[in-house]
>>> print(open('protein04.cif').read())   # mmCIF, C-alpha atoms and all ligand atoms
data_structure
loop_
_atom_site.label_atom_id
_atom_site.label_comp_id
_atom_site.auth_asym_id
_atom_site.auth_seq_id
_atom_site.Cartn_x
_atom_site.Cartn_y
_atom_site.Cartn_z
CA MET A 30 -15.87 -196.03 40.76
CA PHE A 31 -13.53 -192.99 40.62
CA ARG A 32 -16.24 -190.84 42.19
CA ASN A 33 -16.72 -193.35 44.96
CA PHE A 34 -12.97 -193.28 45.68
CA GLN A 35 -13.00 -189.46 45.83
CA MET A 36 -15.94 -189.51 48.28
CA LYS A 37 -14.10 -191.94 50.53
CA ARG A 38 -11.00 -189.73 50.51
CA ILE A 39 -13.06 -186.66 51.45
CA ALA A 40 -14.82 -188.58 54.23
CA LEU A 41 -11.48 -189.83 55.56
CA SER A 42 -10.00 -186.31 55.48
CA VAL A 43 -12.99 -184.96 57.45
CA VAL A 44 -12.59 -187.69 60.07
CA VAL A 45 -8.85 -186.94 60.40
CA ILE A 46 -9.44 -183.17 60.72
CA VAL A 47 -12.16 -183.65 63.36
CA ALA A 48 -9.91 -186.06 65.28
CA VAL A 49 -6.99 -183.56 65.22
CA VAL A 50 -9.29 -180.72 66.41
CA VAL A 51 -10.63 -182.89 69.25
CA VAL A 52 -7.10 -183.86 70.34
CA ILE A 53 -5.90 -180.22 70.29
CA ALA A 54 -9.02 -179.02 72.20
CA PHE A 55 -8.52 -181.78 74.76
CA ALA A 56 -4.85 -180.82 75.17
CA VAL A 57 -5.70 -177.13 75.62
CA ILE A 58 -8.49 -177.73 78.14
CA THR A 59 -6.68 -180.31 80.25
CA THR A 60 -3.20 -178.71 80.50
CA GLU A 61 -2.33 -175.79 82.78
CA ARG A 62 -0.65 -173.95 79.93
CA GLY A 63 -3.70 -174.29 77.69
CA GLN A 64 -6.05 -173.31 80.50
CA ASN A 65 -3.99 -170.18 81.27
CA VAL A 66 -4.13 -169.05 77.62
CA LEU A 67 -7.92 -169.46 77.62
CA LEU A 68 -8.26 -167.68 80.98
CA LYS A 69 -6.29 -164.66 79.71
CA LYS A 70 -8.41 -164.49 76.57
CA GLY A 71 -11.61 -164.71 78.65
CA ALA A 72 -10.46 -162.03 81.10
CA ARG A 73 -9.58 -159.66 78.24
CA ALA A 74 -13.01 -160.25 76.67
CA VAL A 75 -14.84 -159.55 79.94
CA ASN A 76 -12.85 -156.35 80.47
CA GLY A 77 -13.12 -155.20 76.88
CA VAL A 78 -15.08 -152.19 75.72
CA ALA A 79 -18.47 -152.03 77.47
CA PRO A 80 -21.49 -152.37 75.17
CA ALA A 81 -22.51 -149.02 73.63
CA PHE A 82 -26.13 -147.99 73.20
CA ASP A 83 -27.39 -146.22 70.08
CA ASP A 84 -29.79 -143.33 70.39
CA GLY A 85 -33.09 -144.89 71.43
CA LEU A 86 -34.73 -147.02 74.07
CA HIS A 87 -33.12 -150.37 74.76
CA VAL A 88 -35.04 -152.88 76.85
CA PHE A 89 -33.43 -155.93 78.45
CA VAL A 90 -35.45 -158.75 80.00
CA CYS A 91 -33.51 -159.48 83.19
CA GLY A 92 -36.31 -161.60 84.63
CA SER A 93 -39.32 -163.17 82.91
CA ALA A 94 -40.85 -165.33 85.64
CA ALA A 95 -42.89 -165.04 88.83
CA PRO A 96 -42.53 -166.89 92.17
CA ILE A 97 -43.25 -170.35 90.71
CA PRO A 98 -39.76 -171.70 89.86
CA ALA A 99 -38.92 -172.01 86.16
CA PRO A 100 -35.59 -173.22 84.76
CA GLY A 101 -33.46 -170.46 83.23
CA ARG A 102 -35.87 -167.73 84.27
CA ALA A 103 -35.28 -165.14 86.98
CA GLN A 104 -38.18 -163.32 88.62
CA ALA A 105 -39.60 -159.99 87.44
CA CYS A 106 -37.05 -157.51 86.10
CA ILE A 107 -36.86 -155.21 83.07
CA ALA A 108 -33.92 -152.88 82.38
CA VAL A 109 -34.38 -149.75 80.27
CA ILE A 110 -31.33 -148.00 78.83
CA THR A 111 -30.78 -144.90 76.70
CA PRO A 112 -27.36 -143.48 75.82
CA ASP A 113 -27.52 -141.28 78.95
CA HIS A 114 -29.84 -143.04 81.36
CA PHE A 115 -30.40 -146.45 82.88
CA PHE A 116 -33.28 -147.68 85.04
CA VAL A 117 -34.26 -151.11 86.29
CA VAL A 118 -37.93 -151.89 86.90
CA ASP A 119 -38.21 -154.52 89.68
CA THR A 120 -35.47 -156.81 90.92
CA GLY A 121 -36.84 -160.32 91.41
CA SER A 122 -34.71 -163.24 92.53
CA GLY A 123 -31.92 -164.12 90.09
CA SER A 124 -32.37 -161.01 87.97
CA VAL A 125 -29.16 -159.28 89.05
CA ASN A 126 -27.18 -162.30 87.87
CA ASN A 127 -28.60 -161.64 84.38
CA ILE A 128 -27.73 -157.94 84.67
CA GLY A 129 -24.16 -158.80 85.66
CA LEU A 130 -23.70 -161.43 82.95
CA GLU A 131 -24.91 -158.94 80.33
CA ARG A 132 -22.46 -156.35 81.71
CA LEU A 133 -25.10 -153.64 81.93
CA PRO A 134 -23.56 -150.33 83.07
CA VAL A 135 -24.54 -150.54 86.76
CA ASP A 136 -21.99 -147.84 87.63
CA ARG A 137 -24.33 -145.32 85.96
CA LEU A 138 -27.63 -146.78 87.16
CA ASP A 139 -29.99 -143.82 87.68
CA GLY A 140 -32.41 -145.77 89.80
CA VAL A 141 -34.61 -148.76 90.44
CA LEU A 142 -38.38 -148.47 90.02
CA LEU A 143 -40.55 -150.82 92.05
CA ASN A 144 -44.00 -151.76 90.80
CA HIS A 145 -45.06 -153.03 94.23
CA PHE A 146 -43.43 -154.89 97.10
CA HIS A 147 -44.09 -158.60 96.61
CA SER A 148 -40.92 -160.64 97.09
CA ASP A 149 -40.59 -161.58 93.40
CA HIS A 150 -40.12 -157.86 92.60
CA ILE A 151 -37.72 -156.78 95.32
CA VAL A 152 -35.49 -159.51 96.77
CA ASP A 153 -32.48 -158.86 94.53
CA LEU A 154 -32.45 -155.15 95.37
CA PRO A 155 -29.51 -155.35 97.84
CA THR A 156 -27.51 -157.44 95.36
CA LEU A 157 -28.05 -154.85 92.62
CA ASN A 158 -27.02 -152.13 95.06
CA VAL A 159 -23.81 -153.96 96.00
CA ILE A 160 -22.69 -154.55 92.39
CA SER A 161 -23.52 -150.96 91.51
CA TRP A 162 -21.61 -149.63 94.54
CA ALA A 163 -18.64 -151.94 93.87
CA SER A 164 -18.57 -150.75 90.23
CA GLY A 165 -18.03 -147.18 91.40
CA HIS A 166 -21.57 -145.76 91.35
CA ASP A 167 -21.45 -142.09 92.30
CA GLY A 168 -23.50 -141.69 95.49
CA PRO A 169 -26.35 -143.79 96.90
CA LEU A 170 -28.62 -145.73 94.56
CA ARG A 171 -32.12 -144.28 94.32
CA VAL A 172 -35.07 -146.61 94.61
CA TYR A 173 -38.40 -145.19 93.46
CA GLY A 174 -41.78 -146.65 94.22
CA PRO A 175 -45.27 -145.97 95.56
CA PRO A 176 -45.82 -145.49 99.32
CA GLY A 177 -44.07 -148.32 101.16
CA VAL A 178 -40.80 -148.02 99.25
CA GLU A 179 -39.07 -146.33 102.18
CA GLN A 180 -39.93 -149.21 104.51
CA VAL A 181 -38.50 -151.72 102.01
CA VAL A 182 -35.31 -149.71 101.44
CA THR A 183 -34.77 -149.00 105.14
CA GLY A 184 -35.13 -152.71 105.91
CA PHE A 185 -32.65 -153.77 103.22
CA ASN A 186 -30.21 -151.03 104.27
CA GLN A 187 -30.36 -152.30 107.83
CA ALA A 188 -29.94 -155.95 106.83
CA MET A 189 -26.90 -155.08 104.70
CA GLY A 190 -25.25 -152.87 107.37
CA LEU A 191 -22.56 -155.42 108.26
CA ASP A 192 -21.88 -156.18 104.58
CA ARG A 193 -21.23 -152.47 103.94
CA LEU A 194 -18.97 -152.26 106.98
CA TYR A 195 -16.87 -155.27 105.89
CA ARG A 196 -16.47 -154.01 102.33
CA THR A 197 -15.52 -150.44 103.21
CA ARG A 198 -12.99 -151.64 105.80
CA HIS A 199 -11.55 -154.20 103.40
CA HIS A 200 -11.27 -152.10 100.22
CA GLY A 201 -11.03 -148.62 101.70
CA GLU A 202 -13.17 -145.50 101.81
CA ASP A 203 -11.64 -144.28 98.52
CA TYR A 204 -13.03 -147.29 96.64
CA LEU A 205 -16.20 -148.23 98.50
CA PRO A 206 -17.25 -145.09 100.41
CA ALA A 207 -19.66 -145.97 103.22
CA ALA A 208 -22.04 -143.14 102.34
CA SER A 209 -22.56 -144.50 98.80
CA GLY A 210 -23.36 -148.02 99.96
CA VAL A 211 -26.82 -147.23 101.26
CA MET A 212 -29.91 -146.94 99.07
CA LEU A 213 -32.23 -143.95 99.08
CA GLY A 214 -35.94 -144.74 98.98
CA THR A 215 -37.94 -142.15 97.03
CA GLU A 216 -41.67 -142.38 97.34
CA HIS A 217 -43.94 -141.10 94.57
CA SER A 218 -47.70 -140.98 94.15
CA PRO A 219 -49.18 -143.53 91.74
CA ALA A 220 -49.76 -140.81 89.13
CA SER A 221 -46.48 -138.97 88.74
CA GLU A 222 -43.70 -138.09 86.33
CA LEU A 223 -39.92 -137.99 86.36
CA VAL A 224 -38.20 -136.06 83.57
CA LEU A 225 -34.47 -136.41 82.86
CA GLY A 226 -33.48 -134.61 79.66
CA ASP A 227 -35.23 -136.36 76.77
CA LEU A 228 -36.43 -139.21 78.95
CA ARG A 229 -39.83 -139.02 80.63
CA ILE A 230 -40.97 -141.72 83.05
CA THR A 231 -44.66 -141.72 83.89
CA SER A 232 -46.13 -143.76 86.69
CA PHE A 233 -49.81 -144.75 86.69
CA ALA A 234 -51.94 -146.90 88.99
CA ALA A 235 -52.00 -150.64 88.41
CA ASP A 236 -54.69 -152.99 89.74
CA HIS A 237 -53.07 -155.83 91.65
CA SER A 238 -55.72 -155.87 94.37
CA PRO A 239 -55.85 -156.86 97.13
CA VAL A 240 -52.24 -155.64 96.98
CA GLU A 241 -52.11 -151.85 97.12
CA PRO A 242 -50.49 -149.68 96.01
CA ALA A 243 -49.11 -150.99 92.74
CA VAL A 244 -47.99 -148.90 89.78
CA SER A 245 -47.00 -149.38 86.14
CA TYR A 246 -44.31 -147.33 84.38
CA ARG A 247 -44.17 -145.75 80.96
CA PHE A 248 -40.92 -144.56 79.34
CA ASP A 249 -40.94 -141.96 76.55
CA TYR A 250 -37.74 -141.02 74.73
CA LYS A 251 -37.44 -139.11 71.45
CA GLY A 252 -40.76 -140.34 70.06
CA ARG A 253 -40.36 -143.97 71.22
CA SER A 254 -42.30 -145.41 74.14
CA ILE A 255 -42.69 -148.51 76.25
CA VAL A 256 -45.05 -149.49 79.04
CA ILE A 257 -43.99 -151.93 81.76
CA THR A 258 -46.93 -153.12 83.80
CA GLY A 259 -45.45 -154.96 86.77
CA ASP A 260 -48.28 -156.96 88.32
CA THR A 261 -51.77 -155.91 87.26
CA VAL A 262 -54.92 -156.98 85.50
CA VAL A 263 -55.81 -155.11 82.31
CA THR A 264 -57.29 -151.74 83.32
CA ASP A 265 -58.76 -148.80 81.39
CA ASP A 266 -55.67 -146.75 82.32
CA LEU A 267 -53.46 -149.45 80.86
CA ARG A 268 -55.52 -149.59 77.64
CA THR A 269 -55.16 -145.79 77.28
CA GLN A 270 -51.39 -145.91 77.80
CA VAL A 271 -50.89 -148.86 75.47
CA ALA A 272 -52.86 -147.23 72.64
CA THR A 273 -50.01 -144.74 72.15
CA ALA A 274 -47.03 -146.92 73.06
CA ASP A 275 -44.62 -148.79 70.76
CA LEU A 276 -44.06 -151.69 73.12
CA LEU A 277 -45.93 -153.16 76.06
CA LEU A 278 -44.26 -155.50 78.53
CA THR A 279 -46.98 -157.09 80.59
CA ASP A 280 -47.32 -159.64 83.33
CA ALA A 281 -49.31 -162.64 82.12
CA LEU A 282 -51.10 -165.59 83.62
CA SER A 283 -51.97 -168.65 81.59
CA LEU A 284 -55.35 -169.78 82.88
CA PRO A 285 -55.26 -173.19 81.14
CA ILE A 286 -51.94 -173.98 82.86
CA VAL A 287 -52.88 -172.57 86.27
CA GLU A 288 -56.27 -174.34 86.22
CA THR A 289 -54.60 -177.64 85.33
CA LEU A 290 -52.04 -177.19 88.13
CA HIS A 291 -54.86 -176.29 90.50
CA GLU A 292 -56.73 -179.48 89.64
CA ALA A 293 -53.59 -181.57 90.16
CA VAL A 294 -52.63 -180.11 93.56
CA SER A 295 -56.24 -180.25 94.72
CA ALA A 296 -56.50 -183.94 93.74
CA ALA A 297 -53.24 -184.57 95.62
CA GLY A 298 -54.75 -182.98 98.74
CA ASN A 299 -52.29 -180.05 98.85
CA ARG A 300 -54.48 -177.50 100.67
CA GLN A 301 -51.83 -174.82 100.74
CA LEU A 302 -51.09 -174.73 97.00
CA THR A 303 -54.75 -175.24 96.10
CA LYS A 304 -55.66 -172.03 97.94
CA ILE A 305 -52.74 -170.04 96.47
CA LEU A 306 -53.48 -171.17 92.91
CA GLU A 307 -57.09 -170.07 93.39
CA ASP A 308 -56.17 -166.66 94.80
CA ILE A 309 -53.59 -165.66 92.18
CA GLN A 310 -56.00 -166.04 89.26
CA GLY A 311 -57.67 -162.69 90.02
CA TYR A 312 -54.66 -160.38 90.20
CA HIS A 313 -52.60 -161.00 87.06
CA ALA A 314 -53.58 -160.32 83.46
CA PRO A 315 -54.89 -163.54 81.85
CA VAL A 316 -53.40 -164.15 78.41
CA SER A 317 -56.88 -163.97 76.83
CA ASP A 318 -57.26 -160.34 78.06
CA ILE A 319 -53.79 -159.49 76.75
CA VAL A 320 -54.67 -160.96 73.35
CA GLU A 321 -57.77 -158.73 73.32
CA LEU A 322 -55.63 -155.71 74.26
CA ALA A 323 -53.18 -156.53 71.46
CA HIS A 324 -56.06 -156.66 68.95
CA ALA A 325 -57.31 -153.26 70.16
CA SER A 326 -53.83 -151.65 69.84
CA ASP A 327 -52.59 -153.14 66.59
CA SER A 328 -49.64 -150.72 66.27
CA THR A 329 -48.22 -151.85 69.61
CA MET A 330 -45.92 -154.83 70.07
CA VAL A 331 -47.08 -156.80 73.09
CA ALA A 332 -44.47 -158.82 74.99
CA LEU A 333 -45.33 -161.09 77.90
CA TYR A 334 -43.00 -161.38 80.89
CA HIS A 335 -43.59 -162.16 84.61
CA LEU A 336 -45.07 -165.39 83.29
CA VAL A 337 -47.37 -167.19 85.72
CA PRO A 338 -46.12 -169.85 85.75
CA GLY A 339 -42.81 -169.57 83.87
CA PRO A 340 -43.00 -172.20 81.11
CA ARG A 341 -40.78 -175.23 81.79
CA ASN A 342 -40.95 -176.68 78.30
CA ILE A 343 -42.09 -176.09 74.74
CA VAL A 344 -45.60 -177.45 75.44
CA MET A 345 -46.20 -174.87 78.16
CA GLU A 346 -44.84 -172.17 75.85
CA GLN A 347 -47.31 -173.19 73.18
CA VAL A 348 -50.19 -173.10 75.67
CA PHE A 349 -49.06 -169.59 76.73
CA LYS A 350 -49.11 -168.49 73.09
CA ARG A 351 -52.73 -169.49 72.43
CA GLY A 352 -54.42 -166.69 70.47
CA PHE A 353 -51.13 -164.84 69.82
CA THR A 354 -51.07 -162.41 66.91
CA ASP A 355 -47.93 -161.60 64.87
CA ASP A 356 -47.14 -158.66 67.15
CA MET A 357 -47.06 -160.73 70.34
CA VAL A 358 -43.91 -162.10 71.91
CA LEU A 359 -43.33 -164.54 74.76
CA THR A 360 -40.14 -163.26 76.37
CA HIS A 361 -37.30 -165.16 77.96
CA ASP A 362 -34.40 -163.98 80.10
CA GLY A 363 -31.70 -162.24 78.10
CA MET A 364 -34.00 -160.93 75.35
CA TRP A 365 -33.46 -157.38 74.06
CA PHE A 366 -35.88 -154.98 72.39
CA HIS A 367 -34.21 -152.07 70.57
CA LEU A 368 -36.34 -149.00 69.72
CA GLN A 369 -34.12 -146.62 67.75
CA ALA A 370 -34.95 -142.91 67.85
CA GLY A 371 -36.35 -141.74 64.50
CA SER A 372 -37.61 -145.20 63.53
CA ASN A 373 -40.86 -147.13 63.92
CA GLU A 374 -39.19 -150.50 64.06
CA ILE A 375 -38.49 -152.69 67.08
CA ASP A 376 -35.51 -155.01 66.75
CA ILE A 377 -35.66 -158.09 68.91
CA GLU A 378 -32.41 -159.74 69.91
CA HIS A 379 -32.71 -163.22 71.41
ZN ZN B 1 -47.36 -159.21 92.94
ZN ZN B 2 -45.12 -160.63 90.82
#
>>> encode(input="protein04.cif", output="structure tokens", more="lines below")
Ligand SMILES: [Zn+2]
Ligand SMILES: [Zn+2]
Amino acid sequence: MFRNFQMKRIALSVVVIVAVVVVIAFAVITTERGQNVLLKKGARAVNGVAPAFDDGLHVFVCGSAAPIPAPGRAQACIAVITPDHFFVVDTGSGSVNNIGLERLPVDRLDGVLLNHFHSDHIVDLPTLNVISWASGHDGPLRVYGPPGVEQVVTGFNQAMGLDRLYRTRHHGEDYLPAASGVMLGTEHSPASELVLGDLRITSFAADHSPVEPAVSYRFDYKGRSIVITGDTVVTDDLRTQVATADLLLTDALSLPIVETLHEAVSAAGNRQLTKILEDIQGYHAPVSDIVELAHASDSTMVALYHLVPGPRNIVMEQVFKRGFTDDMVLTHDGMWFHLQAGSNEIDIEH
């Protein structure tokens, strides 16, 4: 009886405390004074100390999907950061929003690397350039890619000409210098290397035929390494690179999902989508081939991004994961992989 009374008292106290908290929260959110306090706190947090990066390779998934729309997923984009360098591989639609929300240090962005020039890899390029320029980037942003990159960069520079003019006039040459607002396209051959201190970036040919050229990128830094495929099927070159890499980020196509979609659109008489869903099956890595690759390189963590199609729910995620081993990861936007120098571990931050 006594125990029952005590329980009732505790339950009543909890109800009263929750009610008081709800009333206070309501008062803070719905009054100007309360809102102003929260705004100030938020503004201080956003302008606080920028995230620091330990010695190692830090990989941020800024876009995990492909052109087929998927909730909460931007199109292809992977950011790679070391204490001294910062590169972004591909800039698909929505990816720069993720970069901005994560407060990545775009003022010190060394460059953008483009795998190839399909829209889902390039359309956010001018947005990335604008936020980098507005953050005080020193000089024009460099955009690296295989032959064709200059055409893409020239076109975006031209399209953004008026935007640059407005911003320089509005904020002044001291803050947004006109000469720094343009991007510089830098073409490289599919097999090439860029060395910046301890960081080596190697480009090798990808197979995204009939789209040519397409390249994949490998980053090596103080004994740690990652390979980012962009769009490709699994090639011998890729197998060779992956055999000695810590982490692979690969495009991936789920055949069971794409075949089911294909059946549905075909039955509905959608000629256009039926044709596209047939054509795309040959130029992305099917998950079954990636599973095989993961088995052959058992010291490499294999992470799937550029998901075709981006899963919309847990069922599609489970279908994507068919055959997954312990070292395989289905990425989502906002995921981090940390590869510390002097370690063999990879820390995943969700
Ligand atoms: Zn593509
Ligand atoms: Zn793509």
>>> residues_near_point(input="protein04.cif", point="(-49.0, -170.1, 83.7)", cutoff="6 Å", atoms="only C-alpha atoms", output="PDB file with C-alpha atoms, in the frame of the given file")
ATOM      1  CA  LEU A 282     -51.100-165.590  83.620  1.00  0.00           C
ATOM      2  CA  SER A 283     -51.970-168.650  81.590  1.00  0.00           C
ATOM      3  CA  ILE A 286     -51.940-173.980  82.860  1.00  0.00           C
ATOM      4  CA  VAL A 287     -52.880-172.570  86.270  1.00  0.00           C
ATOM      5  CA  VAL A 337     -47.370-167.190  85.720  1.00  0.00           C
ATOM      6  CA  PRO A 338     -46.120-169.850  85.750  1.00  0.00           C
TER       7      PRO A 338
END
>>> residues_around(input="protein04.cif", residues="Ser238 of chain A", least_positions_apart="2", cutoff="12 Å", atoms="only C-alpha atoms", output="list in words")
His145, Ala234, Ala235, Asp236, Val240, Glu241, Pro242, Ala243, Val244, Asp260, Thr261, Val262, Thr264, Asp308, Ile309, Gln310, Gly311, Tyr312, His313 and Ala314 of chain A
>>> closest_residue(input="protein04.cif", among="A:Gln301, A:Val117, A:Pro155, A:Val125", to="Arg137 of chain A", atoms="all atoms listed in the file")
A:Val117
>>> residues_around(input="protein04.cif", residues="segment 206-222 of chain A", least_positions_apart="5", cutoff="8 Å", atoms="all atoms listed in the file", output="JSON list (two decimals) with C-alpha atoms, in the coordinates of the input")
[["chain", "number", "residue", "atom", "x", "y", "z"],
["A", 158, "ASN", "CA", -27.02, -152.13, 95.06],
["A", 159, "VAL", "CA", -23.81, -153.96, 96.00],
["A", 162, "TRP", "CA", -21.61, -149.63, 94.54],
["A", 166, "HIS", "CA", -21.57, -145.76, 91.35],
["A", 167, "ASP", "CA", -21.45, -142.09, 92.30],
["A", 168, "GLY", "CA", -23.50, -141.69, 95.49],
["A", 169, "PRO", "CA", -26.35, -143.79, 96.90],
["A", 170, "LEU", "CA", -28.62, -145.73, 94.56],
["A", 171, "ARG", "CA", -32.12, -144.28, 94.32],
["A", 172, "VAL", "CA", -35.07, -146.61, 94.61],
["A", 173, "TYR", "CA", -38.40, -145.19, 93.46],
["A", 174, "GLY", "CA", -41.78, -146.65, 94.22],
["A", 175, "PRO", "CA", -45.27, -145.97, 95.56],
["A", 176, "PRO", "CA", -45.82, -145.49, 99.32],
["A", 177, "GLY", "CA", -44.07, -148.32, 101.16],
["A", 178, "VAL", "CA", -40.80, -148.02, 99.25],
["A", 179, "GLU", "CA", -39.07, -146.33, 102.18],
["A", 182, "VAL", "CA", -35.31, -149.71, 101.44],
["A", 183, "THR", "CA", -34.77, -149.00, 105.14],
["A", 186, "ASN", "CA", -30.21, -151.03, 104.27],
["A", 193, "ARG", "CA", -21.23, -152.47, 103.94],
["A", 194, "LEU", "CA", -18.97, -152.26, 106.98],
["A", 197, "THR", "CA", -15.52, -150.44, 103.21],
["A", 201, "GLY", "CA", -11.03, -148.62, 101.70],
["A", 229, "ARG", "CA", -39.83, -139.02, 80.63],
["A", 230, "ILE", "CA", -40.97, -141.72, 83.05],
["A", 231, "THR", "CA", -44.66, -141.72, 83.89],
["A", 232, "SER", "CA", -46.13, -143.76, 86.69],
["A", 233, "PHE", "CA", -49.81, -144.75, 86.69],
["A", 234, "ALA", "CA", -51.94, -146.90, 88.99],
["A", 242, "PRO", "CA", -50.49, -149.68, 96.01],
["A", 243, "ALA", "CA", -49.11, -150.99, 92.74],
["A", 244, "VAL", "CA", -47.99, -148.90, 89.78]]
>>> residues_around(input="protein04.cif", residues="His150 of chain A", least_positions_apart="3", cutoff="8 Å", atoms="only C-alpha atoms", output="NGL selection string")
:A and (104-106 or 119-122 or 143-147 or 153)
>>> write_last_selection(input="protein04.cif", atoms="C-alpha atoms", output="PDB file, keeping the file's coordinate frame")
ATOM      1  CA  GLN A 104     -38.180-163.320  88.620  1.00  0.00           C
ATOM      2  CA  ALA A 105     -39.600-159.990  87.440  1.00  0.00           C
ATOM      3  CA  CYS A 106     -37.050-157.510  86.100  1.00  0.00           C
ATOM      4  CA  ASP A 119     -38.210-154.520  89.680  1.00  0.00           C
ATOM      5  CA  THR A 120     -35.470-156.810  90.920  1.00  0.00           C
ATOM      6  CA  GLY A 121     -36.840-160.320  91.410  1.00  0.00           C
ATOM      7  CA  SER A 122     -34.710-163.240  92.530  1.00  0.00           C
ATOM      8  CA  LEU A 143     -40.550-150.820  92.050  1.00  0.00           C
ATOM      9  CA  ASN A 144     -44.000-151.760  90.800  1.00  0.00           C
ATOM     10  CA  HIS A 145     -45.060-153.030  94.230  1.00  0.00           C
ATOM     11  CA  PHE A 146     -43.430-154.890  97.100  1.00  0.00           C
ATOM     12  CA  HIS A 147     -44.090-158.600  96.610  1.00  0.00           C
ATOM     13  CA  ASP A 153     -32.480-158.860  94.530  1.00  0.00           C
TER      14      ASP A 153
END
>>> axis_aligned_box(input="protein04.cif", around="segment 343-349 of chain A", padding_each_side="3 Å", output="JSON")
{"center_x": -46.1, "center_y": -173.5, "center_z": 75.7, "size_x": 14.1, "size_y": 13.9, "size_z": 11.0}
>>> atom_distance(input="protein04.cif", atom1="atom CA of Gly123 of chain A", atom2="atom CA of Ala99 of chain A")
11.3 Å
>>> residues_around(input="protein04.cif", residues="Phe248 of chain A", least_positions_apart="3", cutoff="10 Å", atoms="only C-alpha atoms", output="list of chain:residue names")
A:Leu86, A:Val109, A:Glu222, A:Leu223, A:Val224, A:Leu228, A:Arg229, A:Ile230, A:Thr231, A:Ser232, A:Arg253, A:Ser254, A:Ile255, A:Val256, A:Ile257, A:Ala274, A:Leu276
>>> closest_residue(input="protein04.cif", among="A:Val294, A:Leu322, A:Val344, A:Val51", to="Asp265 of chain A", atoms="only C-alpha atoms")
A:Leu322
>>> closest_residue(input="protein04.cif", among="A:Pro285, A:Gly101, A:Pro96, A:Pro340", to="ligand ZN 1 (chain B)", atoms="only C-alpha atoms and all ligand atoms")
A:Pro96
>>> atom_distance(input="protein04.cif", atom1="atom CA of Thr269 of chain A", atom2="atom CA of Val88 of chain A")
21.3 Å
>>> residues_near_point(input="protein04.cif", point="(-28.8, -138.0, 72.3)", cutoff="12 Å", atoms="all atoms listed in the file", output="PyMOL selection string")
chain A and resi 82-86+111-114+226-228+250-251+369-371
>>> closest_residue(input="protein04.cif", among="A:Val141, A:Val75, A:Leu336, A:Ala272", to="ligand ZN 1 (chain B)", atoms="all atoms listed in the file")
A:Leu336
>>> closest_residue(input="protein04.cif", among="A:Gly92, A:Gly252, A:Gly298, A:Gly184", to="ligand ZN 2 (chain B)", atoms="only C-alpha atoms and all ligand atoms")
A:Gly92
>>> closest_residue(input="protein04.cif", among="A:Ile375, A:Val331, A:Ala95, A:Leu368", to="ligand ZN 1 (chain B)", atoms="all atoms listed in the file")
A:Ala95
>>> atom_distance(input="protein04.cif", atom1="atom CA of Thr258 of chain A", atom2="atom CA of Gln180 of chain A")
22.2 Å
>>> residues_around(input="protein04.cif", residues="Ser164 of chain A", least_positions_apart="3", cutoff="8 Å", atoms="only C-alpha atoms", output="MDAnalysis selection string")
chainID A and resid 135:136 160:161
